[in-house]
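Chemist: Dropping in upload-v6.txt, which is compact mmCIF, C-alpha atoms:
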```txt
# COMPACT_ATOMS: atom_id res chain seq x y z
CA MET A 1 109.72 90.57 134.62
CA LYS A 2 107.57 91.17 131.53
CA ARG A 3 109.34 91.35 128.20
CA ILE A 4 108.37 94.00 125.68
CA ALA A 5 109.12 94.70 122.04
CA VAL A 6 108.95 98.30 120.86
CA PHE A 7 107.96 99.00 117.25
CA ALA A 8 109.13 102.30 115.77
CA SER A 9 109.37 103.92 112.34
CA GLY A 10 111.19 107.16 113.10
CA GLY A 11 113.52 109.05 115.39
CA GLY A 12 112.41 107.07 118.41
CA THR A 13 111.91 109.73 121.06
CA ASP A 14 108.88 107.86 122.46
CA PHE A 15 111.04 104.72 122.53
CA GLN A 16 113.74 106.68 124.34
CA SER A 17 111.23 107.77 126.99
CA VAL A 18 110.51 104.12 127.78
CA ILE A 19 114.23 103.27 127.88
CA ASP A 20 114.93 106.16 130.28
CA ALA A 21 112.04 105.39 132.63
CA ASN A 22 112.96 101.71 132.64
CA GLU A 23 116.61 102.41 133.40
CA SER A 24 115.62 104.17 136.59
CA GLU A 25 112.60 102.06 137.57
CA LYS A 26 113.26 98.69 135.91
CA PHE A 27 109.66 97.63 135.32
CA CYS A 28 110.30 95.51 132.22
CA GLU A 29 112.82 93.92 129.94
CA ILE A 30 113.03 95.79 126.62
CA ALA A 31 113.79 92.66 124.63
CA CYS A 32 114.01 94.19 121.17
CA LEU A 33 113.27 97.10 118.88
CA ILE A 34 111.45 96.34 115.64
CA THR A 35 111.67 98.94 112.90
CA SER A 36 110.03 99.24 109.52
CA LYS A 37 113.22 100.43 107.84
CA ASP A 38 116.92 100.65 108.32
CA GLY A 39 118.94 103.72 109.27
CA ILE A 40 116.38 105.44 111.49
CA GLY A 41 117.15 107.19 114.77
CA ALA A 42 115.40 104.61 116.90
CA ILE A 43 117.98 101.96 115.93
CA GLU A 44 120.86 104.11 117.13
CA ARG A 45 119.09 104.63 120.44
CA ALA A 46 118.62 100.88 120.84
CA HIS A 47 122.28 100.16 120.17
CA LYS A 48 123.35 102.81 122.66
CA HIS A 49 121.39 100.96 125.32
CA GLY A 50 122.32 97.42 124.29
CA ILE A 51 118.87 96.59 122.95
CA SER A 52 118.80 94.22 120.00
CA THR A 53 117.10 95.41 116.83
CA ALA A 54 115.45 93.85 113.80
CA VAL A 55 114.19 95.43 110.60
CA PHE A 56 110.98 94.10 109.05
CA SER A 57 110.59 96.17 105.92
CA LYS A 58 108.16 96.05 103.04
CA LYS A 59 111.15 95.95 100.71
CA GLU A 60 112.23 92.56 101.98
CA TYR A 61 108.71 91.28 102.52
CA PRO A 62 106.52 92.46 99.66
CA ASP A 63 103.77 90.20 101.11
CA ILE A 64 102.55 91.95 104.25
CA GLU A 65 100.91 88.85 105.68
CA GLN A 66 104.24 87.04 105.31
CA LEU A 67 106.05 89.90 107.05
CA TYR A 68 103.77 89.77 110.05
CA ALA A 69 103.79 85.95 110.16
CA GLU A 70 107.58 85.99 110.46
CA LEU A 71 107.48 88.89 112.90
CA LYS A 72 105.04 86.94 115.06
CA CYS A 73 107.40 83.99 115.02
CA PHE A 74 110.34 86.26 115.86
CA LEU A 75 108.49 87.72 118.85
CA ASN A 76 107.23 84.39 120.13
CA ILE A 77 110.73 82.93 120.09
CA ARG A 78 111.81 85.88 122.20
CA ARG A 79 108.87 85.30 124.61
CA ILE A 80 107.50 88.83 124.18
CA ASP A 81 104.64 89.66 126.56
CA TYR A 82 103.71 93.07 125.23
CA ILE A 83 104.21 95.08 122.06
CA VAL A 84 104.53 98.85 122.33
CA LEU A 85 103.89 100.80 119.15
CA ALA A 86 105.91 103.97 119.56
CA GLY A 87 105.47 105.74 116.25
CA TRP A 88 104.81 102.66 114.11
CA LEU A 89 103.35 104.02 110.92
CA LYS A 90 102.32 100.76 109.27
CA ILE A 91 98.87 99.22 109.23
CA ILE A 92 98.99 95.93 111.13
CA PRO A 93 96.95 92.99 109.77
CA GLU A 94 94.06 91.74 111.89
CA SER A 95 95.54 88.26 112.16
CA PHE A 96 98.63 89.66 113.89
CA ILE A 97 96.54 91.83 116.21
CA LYS A 98 94.43 88.81 117.17
CA SER A 99 97.57 86.81 117.97
CA PHE A 100 98.51 89.43 120.53
CA GLU A 101 95.04 90.36 121.75
CA ASP A 102 95.14 93.00 124.49
CA ARG A 103 98.92 92.80 124.40
CA ILE A 104 99.63 95.59 121.91
CA ILE A 105 99.46 99.23 122.93
CA ASN A 106 99.88 102.33 120.80
CA ILE A 107 100.48 106.00 121.44
CA HIS A 108 98.59 108.48 119.26
CA PRO A 109 99.25 112.24 119.31
CA SER A 110 95.67 113.45 119.83
CA LEU A 111 92.80 113.02 122.25
CA ILE A 112 91.05 110.05 120.62
CA PRO A 113 88.30 109.96 119.28
CA ALA A 114 89.29 113.36 117.88
CA PHE A 115 91.85 113.61 115.06
CA CYS A 116 92.56 109.93 114.68
CA GLY A 117 92.07 107.02 112.31
CA ALA A 118 93.22 106.51 108.74
CA GLY A 119 95.44 109.33 107.47
CA TYR A 120 96.08 110.87 110.88
CA TYR A 121 99.73 110.37 111.67
CA GLY A 122 102.72 112.52 112.56
CA LEU A 123 102.48 116.19 111.78
CA LYS A 124 99.21 115.67 109.88
CA VAL A 125 97.43 115.14 113.20
CA HIS A 126 98.64 118.43 114.62
CA GLN A 127 97.97 120.30 111.38
CA ALA A 128 94.39 118.99 111.47
CA VAL A 129 94.00 120.24 115.05
CA ILE A 130 95.30 123.69 114.06
CA ASP A 131 93.12 123.83 110.92
CA TYR A 132 90.05 122.82 112.91
CA GLY A 133 90.81 125.48 115.49
CA ALA A 134 90.66 123.15 118.50
CA LYS A 135 91.93 124.72 121.71
CA VAL A 136 92.78 121.50 123.51
CA SER A 137 94.70 118.54 122.13
CA GLY A 138 96.89 115.89 123.70
CA CYS A 139 97.88 112.27 123.39
CA THR A 140 96.33 108.87 123.98
CA VAL A 141 97.71 105.46 124.87
CA HIS A 142 95.32 102.69 123.88
CA PHE A 143 95.09 98.98 123.25
CA VAL A 144 95.28 98.13 119.58
CA ASN A 145 92.33 96.43 117.94
CA GLU A 146 91.29 96.03 114.31
CA VAL A 147 90.02 99.63 114.05
CA PRO A 148 92.84 102.16 113.46
CA ASP A 149 93.20 104.14 116.72
CA GLY A 150 89.93 102.54 117.83
CA GLY A 151 90.94 100.27 120.71
CA ALA A 152 90.17 100.76 124.39
CA ILE A 153 91.85 103.83 125.86
CA ILE A 154 94.34 103.35 128.70
CA ALA A 155 95.25 106.97 129.43
CA GLN A 156 95.13 110.43 127.91
CA SER A 157 96.92 113.66 128.60
CA ALA A 158 95.75 117.09 127.46
CA VAL A 159 97.65 120.16 126.26
CA GLU A 160 96.41 123.65 125.55
CA VAL A 161 96.59 124.87 121.97
CA GLU A 162 97.66 128.51 122.00
CA ASN A 163 97.01 131.22 119.42
CA SER A 164 100.65 131.19 118.40
CA ASP A 165 100.88 127.41 117.96
CA THR A 166 101.76 125.85 114.62
CA ALA A 167 101.59 122.14 113.84
CA GLU A 168 105.29 122.00 114.70
CA THR A 169 105.11 123.72 118.09
CA LEU A 170 102.00 121.74 119.00
CA GLN A 171 103.82 118.53 118.09
CA GLN A 172 106.65 119.46 120.44
CA LYS A 173 104.22 120.16 123.30
CA VAL A 174 102.35 116.92 122.74
CA LEU A 175 105.61 114.95 122.48
CA LYS A 176 106.54 116.19 125.95
CA LYS A 177 103.31 114.68 127.27
CA GLU A 178 103.86 111.49 125.26
CA HIS A 179 107.22 111.04 126.94
CA GLU A 180 105.48 111.00 130.32
CA LEU A 181 102.35 109.08 129.34
CA LEU A 182 103.92 106.21 127.41
CA PRO A 183 106.43 105.03 130.05
CA TYR A 184 103.70 105.43 132.70
CA CYS A 185 101.38 103.13 130.75
CA VAL A 186 104.09 100.60 129.87
CA LYS A 187 105.04 100.44 133.53
CA LYS A 188 101.45 99.90 134.70
CA LEU A 189 100.91 97.29 132.01
CA CYS A 190 104.09 95.35 132.82
CA LEU A 191 103.35 95.44 136.54
CA GLY A 192 99.89 93.96 135.91
CA LEU A 193 98.13 97.09 137.14
CA ILE A 194 95.86 97.61 134.15
CA GLU A 195 92.39 96.04 134.18
CA LYS A 196 90.48 95.93 130.92
CA ARG A 197 86.81 95.01 130.59
CA GLY A 198 85.56 95.71 127.11
CA ARG A 199 86.30 99.38 126.54
CA ALA A 200 86.58 100.18 130.24
CA VAL A 201 90.22 100.35 131.28
CA LYS A 202 91.15 100.91 134.88
CA ILE A 203 94.67 101.70 136.06
CA ASN A 204 95.42 100.58 139.60
CA MET B 1 77.54 148.10 126.24
CA LYS B 2 76.70 145.05 124.13
CA ARG B 3 73.28 143.52 124.59
CA ILE B 4 72.89 139.77 124.77
CA ALA B 5 69.98 137.33 124.70
CA VAL B 6 70.46 133.99 126.42
CA PHE B 7 68.59 130.94 125.07
CA ALA B 8 67.96 128.10 127.52
CA SER B 9 65.84 124.95 127.69
CA GLY B 10 66.50 123.73 131.22
CA GLY B 11 67.54 124.57 134.75
CA GLY B 12 69.72 127.43 133.59
CA THR B 13 72.92 126.94 135.58
CA ASP B 14 75.04 128.06 132.60
CA PHE B 15 72.76 131.10 132.31
CA GLN B 16 73.27 131.75 136.05
CA SER B 17 77.04 131.69 135.58
CA VAL B 18 76.77 134.53 133.06
CA ILE B 19 74.42 136.49 135.35
CA ASP B 20 76.81 136.11 138.28
CA ALA B 21 79.93 137.08 136.36
CA ASN B 22 78.15 140.04 134.81
CA GLU B 23 76.88 141.27 138.18
CA SER B 24 80.43 141.60 139.42
CA GLU B 25 82.14 142.66 136.18
CA LYS B 26 79.35 144.28 134.16
CA PHE B 27 80.59 143.41 130.68
CA CYS B 28 77.17 143.30 128.96
CA GLU B 29 73.48 143.94 129.23
CA ILE B 30 71.55 140.67 129.56
CA ALA B 31 68.55 141.99 127.69
CA CYS B 32 66.37 138.87 127.78
CA LEU B 33 66.11 135.16 128.34
CA ILE B 34 64.48 133.11 125.61
CA THR B 35 63.21 129.66 126.56
CA SER B 36 61.72 126.84 124.55
CA LYS B 37 59.10 126.08 127.16
CA ASP B 38 57.40 127.52 130.21
CA GLY B 39 58.03 126.59 133.83
CA ILE B 40 61.75 125.80 133.59
CA GLY B 41 64.36 126.81 136.17
CA ALA B 42 66.05 129.33 133.90
CA ILE B 43 62.94 131.54 133.94
CA GLU B 44 62.93 131.74 137.72
CA ARG B 45 66.58 132.74 137.66
CA ALA B 46 65.84 135.50 135.15
CA HIS B 47 63.01 136.90 137.25
CA LYS B 48 65.17 136.89 140.37
CA HIS B 49 67.63 139.12 138.54
CA GLY B 50 65.11 141.36 136.81
CA ILE B 51 65.79 139.94 133.35
CA SER B 52 62.79 139.82 131.03
CA THR B 53 61.81 136.46 129.58
CA ALA B 54 59.95 135.17 126.55
CA VAL B 55 58.83 131.67 125.65
CA PHE B 56 59.05 130.56 122.03
CA SER B 57 57.66 127.04 122.10
CA LYS B 58 56.86 124.55 119.40
CA LYS B 59 53.40 124.25 120.91
CA GLU B 60 52.53 127.82 120.02
CA TYR B 61 54.50 127.83 116.78
CA PRO B 62 54.06 124.49 115.04
CA ASP B 63 55.86 126.03 112.06
CA ILE B 64 59.52 126.25 113.11
CA GLU B 65 60.43 128.76 110.41
CA GLN B 66 57.64 130.99 111.67
CA LEU B 67 58.89 130.64 115.26
CA TYR B 68 62.38 131.75 114.34
CA ALA B 69 61.11 134.54 112.08
CA GLU B 70 59.20 136.02 115.00
CA LEU B 71 62.07 135.39 117.38
CA LYS B 72 64.39 137.23 115.00
CA CYS B 73 62.00 140.15 114.95
CA PHE B 74 61.75 140.05 118.74
CA LEU B 75 65.54 140.16 119.11
CA ASN B 76 66.05 142.88 116.52
CA ILE B 77 63.51 145.15 118.22
CA ARG B 78 65.50 144.68 121.42
CA ARG B 79 68.76 145.51 119.57
CA ILE B 80 70.45 142.25 120.56
CA ASP B 81 74.13 142.09 119.61
CA TYR B 82 74.88 138.51 120.61
CA ILE B 83 72.93 135.35 121.29
CA VAL B 84 74.26 132.92 123.89
CA LEU B 85 72.95 129.38 123.68
CA ALA B 86 73.21 128.07 127.22
CA GLY B 87 71.63 124.65 127.02
CA TRP B 88 69.32 125.33 124.06
CA LEU B 89 68.25 121.91 122.89
CA LYS B 90 66.47 122.89 119.68
CA ILE B 91 67.87 122.76 116.17
CA ILE B 92 68.05 126.31 114.81
CA PRO B 93 67.19 126.88 111.14
CA GLU B 94 69.95 128.04 108.83
CA SER B 95 68.11 131.21 107.90
CA PHE B 96 68.13 132.33 111.53
CA ILE B 97 71.81 131.46 111.96
CA LYS B 98 72.66 133.47 108.84
CA SER B 99 70.77 136.48 110.18
CA PHE B 100 73.07 136.49 113.20
CA GLU B 101 76.26 135.33 111.52
CA ASP B 102 79.18 135.13 113.97
CA ARG B 103 76.89 136.53 116.64
CA ILE B 104 75.60 133.29 118.14
CA ILE B 105 77.74 131.23 120.52
CA ASN B 106 76.99 127.88 122.10
CA ILE B 107 78.41 125.84 124.94
CA HIS B 108 78.73 122.10 124.42
CA PRO B 109 79.72 119.64 127.17
CA SER B 110 82.56 117.84 125.38
CA LEU B 111 85.83 118.59 123.67
CA ILE B 112 84.58 119.14 120.12
CA PRO B 113 85.11 117.43 117.62
CA ALA B 114 84.69 114.49 120.03
CA PHE B 115 81.23 113.50 121.28
CA CYS B 116 79.25 116.17 119.48
CA GLY B 117 76.75 116.65 116.69
CA ALA B 118 73.25 115.25 116.23
CA GLY B 119 72.03 113.26 119.22
CA TYR B 120 74.75 114.43 121.58
CA TYR B 121 73.09 116.55 124.24
CA GLY B 122 72.80 116.60 128.00
CA LEU B 123 73.65 113.40 129.83
CA LYS B 124 73.90 111.49 126.53
CA VAL B 125 77.20 113.23 125.84
CA HIS B 126 78.72 112.15 129.12
CA GLN B 127 77.34 108.62 128.82
CA ALA B 128 78.98 108.37 125.40
CA VAL B 129 82.31 109.49 126.88
CA ILE B 130 82.04 106.88 129.65
CA ASP B 131 80.98 104.13 127.20
CA TYR B 132 83.86 104.97 124.88
CA GLY B 133 86.28 104.89 127.77
CA ALA B 134 87.79 108.32 127.11
CA LYS B 135 90.01 109.58 129.91
CA VAL B 136 89.75 113.28 129.13
CA SER B 137 86.60 115.23 128.38
CA GLY B 138 85.59 118.85 128.87
CA CYS B 139 83.54 121.61 127.34
CA THR B 140 83.67 123.86 124.30
CA VAL B 141 82.35 127.33 123.53
CA HIS B 142 82.00 127.88 119.80
CA PHE B 143 80.38 130.08 117.20
CA VAL B 144 77.23 128.55 115.78
CA ASN B 145 77.08 127.73 112.10
CA GLU B 146 74.84 125.46 110.05
CA VAL B 147 76.63 122.28 111.20
CA PRO B 148 75.48 121.10 114.66
CA ASP B 149 78.39 121.79 117.06
CA GLY B 150 80.51 122.45 113.97
CA GLY B 151 81.29 126.17 114.18
CA ALA B 152 84.65 127.77 114.95
CA ILE B 153 85.86 127.04 118.47
CA ILE B 154 86.39 129.97 120.84
CA ALA B 155 87.68 128.14 123.91
CA GLN B 156 87.83 124.69 125.47
CA SER B 157 88.44 123.42 128.95
CA ALA B 158 89.46 119.86 129.82
CA VAL B 159 88.56 117.60 132.74
CA GLU B 160 89.96 114.23 133.71
CA VAL B 161 87.61 111.25 133.57
CA GLU B 162 88.31 109.04 136.57
CA ASN B 163 87.70 105.31 136.99
CA SER B 164 84.85 106.00 139.39
CA ASP B 165 83.07 108.52 137.15
CA THR B 166 79.54 107.92 135.93
CA ALA B 167 77.77 110.05 133.34
CA GLU B 168 76.24 111.99 136.25
CA THR B 169 79.47 112.72 138.12
CA LEU B 170 81.23 113.60 134.87
CA GLN B 171 78.40 115.99 134.02
CA GLN B 172 78.86 117.74 137.36
CA LYS B 173 82.60 118.11 136.79
CA VAL B 174 82.13 119.44 133.28
CA LEU B 175 79.40 121.84 134.45
CA LYS B 176 81.87 123.37 136.88
CA LYS B 177 84.18 124.11 133.95
CA GLU B 178 81.26 125.38 131.86
CA HIS B 179 80.44 127.90 134.56
CA GLU B 180 83.92 129.36 134.20
CA LEU B 181 84.31 129.04 130.44
CA LEU B 182 80.97 130.48 129.32
CA PRO B 183 81.11 133.80 131.24
CA TYR B 184 84.75 134.16 130.20
CA CYS B 185 83.84 133.82 126.53
CA VAL B 186 80.76 136.06 126.77
CA LYS B 187 82.87 138.72 128.41
CA LYS B 188 85.60 138.55 125.77
CA LEU B 189 82.99 138.61 123.02
CA CYS B 190 81.12 141.60 124.44
CA LEU B 191 84.34 143.53 125.01
CA GLY B 192 85.32 142.99 121.36
CA LEU B 193 88.32 140.88 122.29
CA ILE B 194 87.57 137.92 120.06
CA GLU B 195 89.01 137.85 116.54
CA LYS B 196 87.63 135.30 114.11
CA ARG B 197 89.15 134.44 110.72
CA GLY B 198 87.51 131.40 109.25
CA ARG B 199 87.96 128.68 111.83
CA ALA B 200 90.82 130.46 113.57
CA VAL B 201 89.60 132.23 116.69
CA LYS B 202 91.95 134.34 118.76
CA ILE B 203 91.09 135.72 122.18
CA ASN B 204 92.93 138.92 123.07
```
Do you think you could lay out the structure here as structure tokens?
Modeler:
Amino acid sequence: MKRIAVFASGGGTDFQSVIDANESEKFCEIACLITSKDGIGAIERAHKHGISTAVFSKKEYPDIEQLYAELKCFLNIRRIDYIVLAGWLKIIPESFIKSFEDRIINIHPSLIPAFCGAGYYGLKVHQAVIDYGAKVSGCTVHFVNEVPDGGAIIAQSAVEVENSDTAETLQQKVLKKEHELLPYCVKKLCLGLIEKRGRAVKIN
Amino acid sequence: MKRIAVFASGGGTDFQSVIDANESEKFCEIACLITSKDGIGAIERAHKHGISTAVFSKKEYPDIEQLYAELKCFLNIRRIDYIVLAGWLKIIPESFIKSFEDRIINIHPSLIPAFCGAGYYGLKVHQAVIDYGAKVSGCTVHFVNEVPDGGAIIAQSAVEVENSDTAETLQQKVLKKEHELLPYCVKKLCLGLIEKRGRAVKIN
């Protein structure tokens, strides 16, 4: 059984979607939750489900390289196979990404390559979609490489943007899709059903 | 009844979709087809349906500004309300676009703002989607402004990109959607059911 670590910076609803799917289908071991600060919703969710948690915050590690070096050590000790970024708002250093090449996935709340990259996170993504006047948005699960939101795409799911949508209502709609797409991808990944060749990703 | 001119550079299947929808629902007068060269499929389609045609080619008008000045005159004499770019592969000068502000629409075979702009036309768009590894693509109908594929979006339609898709099969799938989306937008436009405020476009 593959062991995953989930990284989260907020309320943790994406994290919860993986917990729920895994409780009914048991496709992985959720070995730990890593958060970038204390007191966030994701931690409560982890405790409710008996998942151990660890905080790696900038406050305690002013040197980012040091933070990720210790985090890497922490994860290796726990024999983590895959890292799932589920609302992790911090830039990850290249050295860390290289240590876990093709073993880190991220969920982004738009149809990459639209509305992604530096500065596009949380509600800002959906506000940009509304301001642009796009009529279709969605979410993307992708492998993480050194380009923000630039790694090979695993799966995407589209939603319609309606006349009445605001950034907030669009976020809710996209979140619904995220909560289907993320567990689906984590499951396929942990069961060894994802083939990656360069940018071409095939789900079996 | 609003009068439209359709601009096409190729086989004209998007043009045909407007002809077909209009024959059953009669939402506009297709006053003429403008092509950028002679002998293309779109011209045959026009003749079959009794639609007059005119060729405005670079060959005959080496000065592009002159071409569009005469084309503008041609369209004004024919009291054209809207211009529909249905596979028009030529860059249109700003002066012409300004003369028909908010009265030119275009169909592009991707979900703008992804895979659009200079160099993205025809099969190149779909090849770029495949090379990038995107899992969702589609088509966009938008108002034309001075930025290539950059005007306010009227409507978009998504398609799934499957593992087995090539640029060619993706093109066929997207074309199917184009043939629904374009007549739908032309109809709404001609019936006065499209409201545009800046980039926000509402279809009633």
Chemist: Please determine, counting only C-alpha atoms, which residue among B:Lys176, B:Gly117, B:Gly198, B:Gly12 has the shortest atom-to-atom distance to Gly41 (chain B).
Modeler: B:Gly12
Chemist: Where does chain A meet chain B within 12 Å, residue by residue, with the nearest atom pair and distance in Å to one decimal for each, counting all atoms listed in the file, listed by chain and rising number, as a tab-separated table?
Modeler:
```
residue	atom	partner	partner_atom	distance
A:Ser110	CA	B:Val136	CA	11.0
A:Leu111	CA	B:Val136	CA	7.5
A:Ile112	CA	B:Ala134	CA	7.5
A:Pro113	CA	B:Ala114	CA	5.8
A:Ala114	CA	B:Ala114	CA	5.2
A:Phe115	CA	B:Pro113	CA	8.2
A:Cys116	CA	B:Ala114	CA	10.6
A:Ala128	CA	B:Pro113	CA	11.2
A:Val129	CA	B:Pro113	CA	9.7
A:Ile130	CA	B:Ala200	CA	8.1
A:Asp131	CA	B:Arg199	CA	7.1
A:Tyr132	CA	B:Arg199	CA	6.3
A:Gly133	CA	B:Ala200	CA	5.3
A:Ala134	CA	B:Ile153	CA	6.2
A:Lys135	CA	B:Gln156	CA	5.6
A:Val136	CA	B:Gln156	CA	6.2
A:Ser137	CA	B:Leu111	CA	9.0
A:Gly138	CA	B:Val136	CA	9.3
A:Cys139	CA	B:Val136	CA	10.0
A:Thr140	CA	B:Lys135	CA	8.7
A:Val141	CA	B:Lys135	CA	10.1
A:His142	CA	B:Ala134	CA	9.9
A:Phe143	CA	B:Gly133	CA	11.5
A:Gly150	CA	B:Tyr132	CA	9.6
A:Gly151	CA	B:Tyr132	CA	9.5
A:Ala152	CA	B:Gly133	CA	6.6
A:Ile153	CA	B:Gly133	CA	6.0
A:Ile154	CA	B:Lys135	CA	7.7
A:Ala155	CA	B:Lys135	CA	5.9
A:Gln156	CA	B:Lys135	CA	5.6
A:Ser157	CA	B:Val136	CA	7.2
A:Ala158	CA	B:Ala158	CA	7.3
A:Val159	CA	B:Ala158	CA	8.9
A:Glu160	CA	B:Gln156	CA	8.6
A:Val161	CA	B:Gln156	CA	9.4
A:Glu162	CA	B:Lys202	CA	8.8
A:Asn163	CA	B:Lys202	CA	6.0
A:Ser164	CA	B:Lys202	CA	9.3
A:Asp165	CA	B:Lys202	CA	11.3
A:Thr166	CA	B:Ala200	CA	11.9
A:Ile194	CA	B:Asn163	CA	11.6
A:Glu195	CA	B:Asn163	CA	10.8
A:Lys196	CA	B:Gly133	CA	10.4
A:Arg197	CA	B:Gly133	CA	10.3
A:Gly198	CA	B:Gly133	CA	9.2
A:Arg199	CA	B:Gly133	CA	5.6
A:Ala200	CA	B:Gly133	CA	5.3
A:Val201	CA	B:Gly133	CA	7.0
A:Lys202	CA	B:Asn163	CA	6.0
A:Ile203	CA	B:Asn163	CA	7.9
A:Asn204	CA	B:Asn163	CA	9.4
```
Chemist: Just give me the gap between CA of Leu193 (chain B) and CA of Leu71 (chain B) in Å, one decimal is fine.
Modeler: 27.3 Å
Chemist: For CA of Gly119 (chain A) and CA of Gly87 (chain A), determine how far apart the two atoms are, in Å to one decimal place.
Modeler: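 Interatomic distance here is 13.8 Å.
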Chemist: Please provide as a PyMOL selection string all residues within 12 Å of region 187-192 of chain A, with the sequence filter that same-chain residues fewer than 4 positions apart are discarded (counting all atoms listed in the file).
Modeler: chain A and resi 1-5+17-30+80-84+102-105+141-143+154-155+180-183+196+201-204
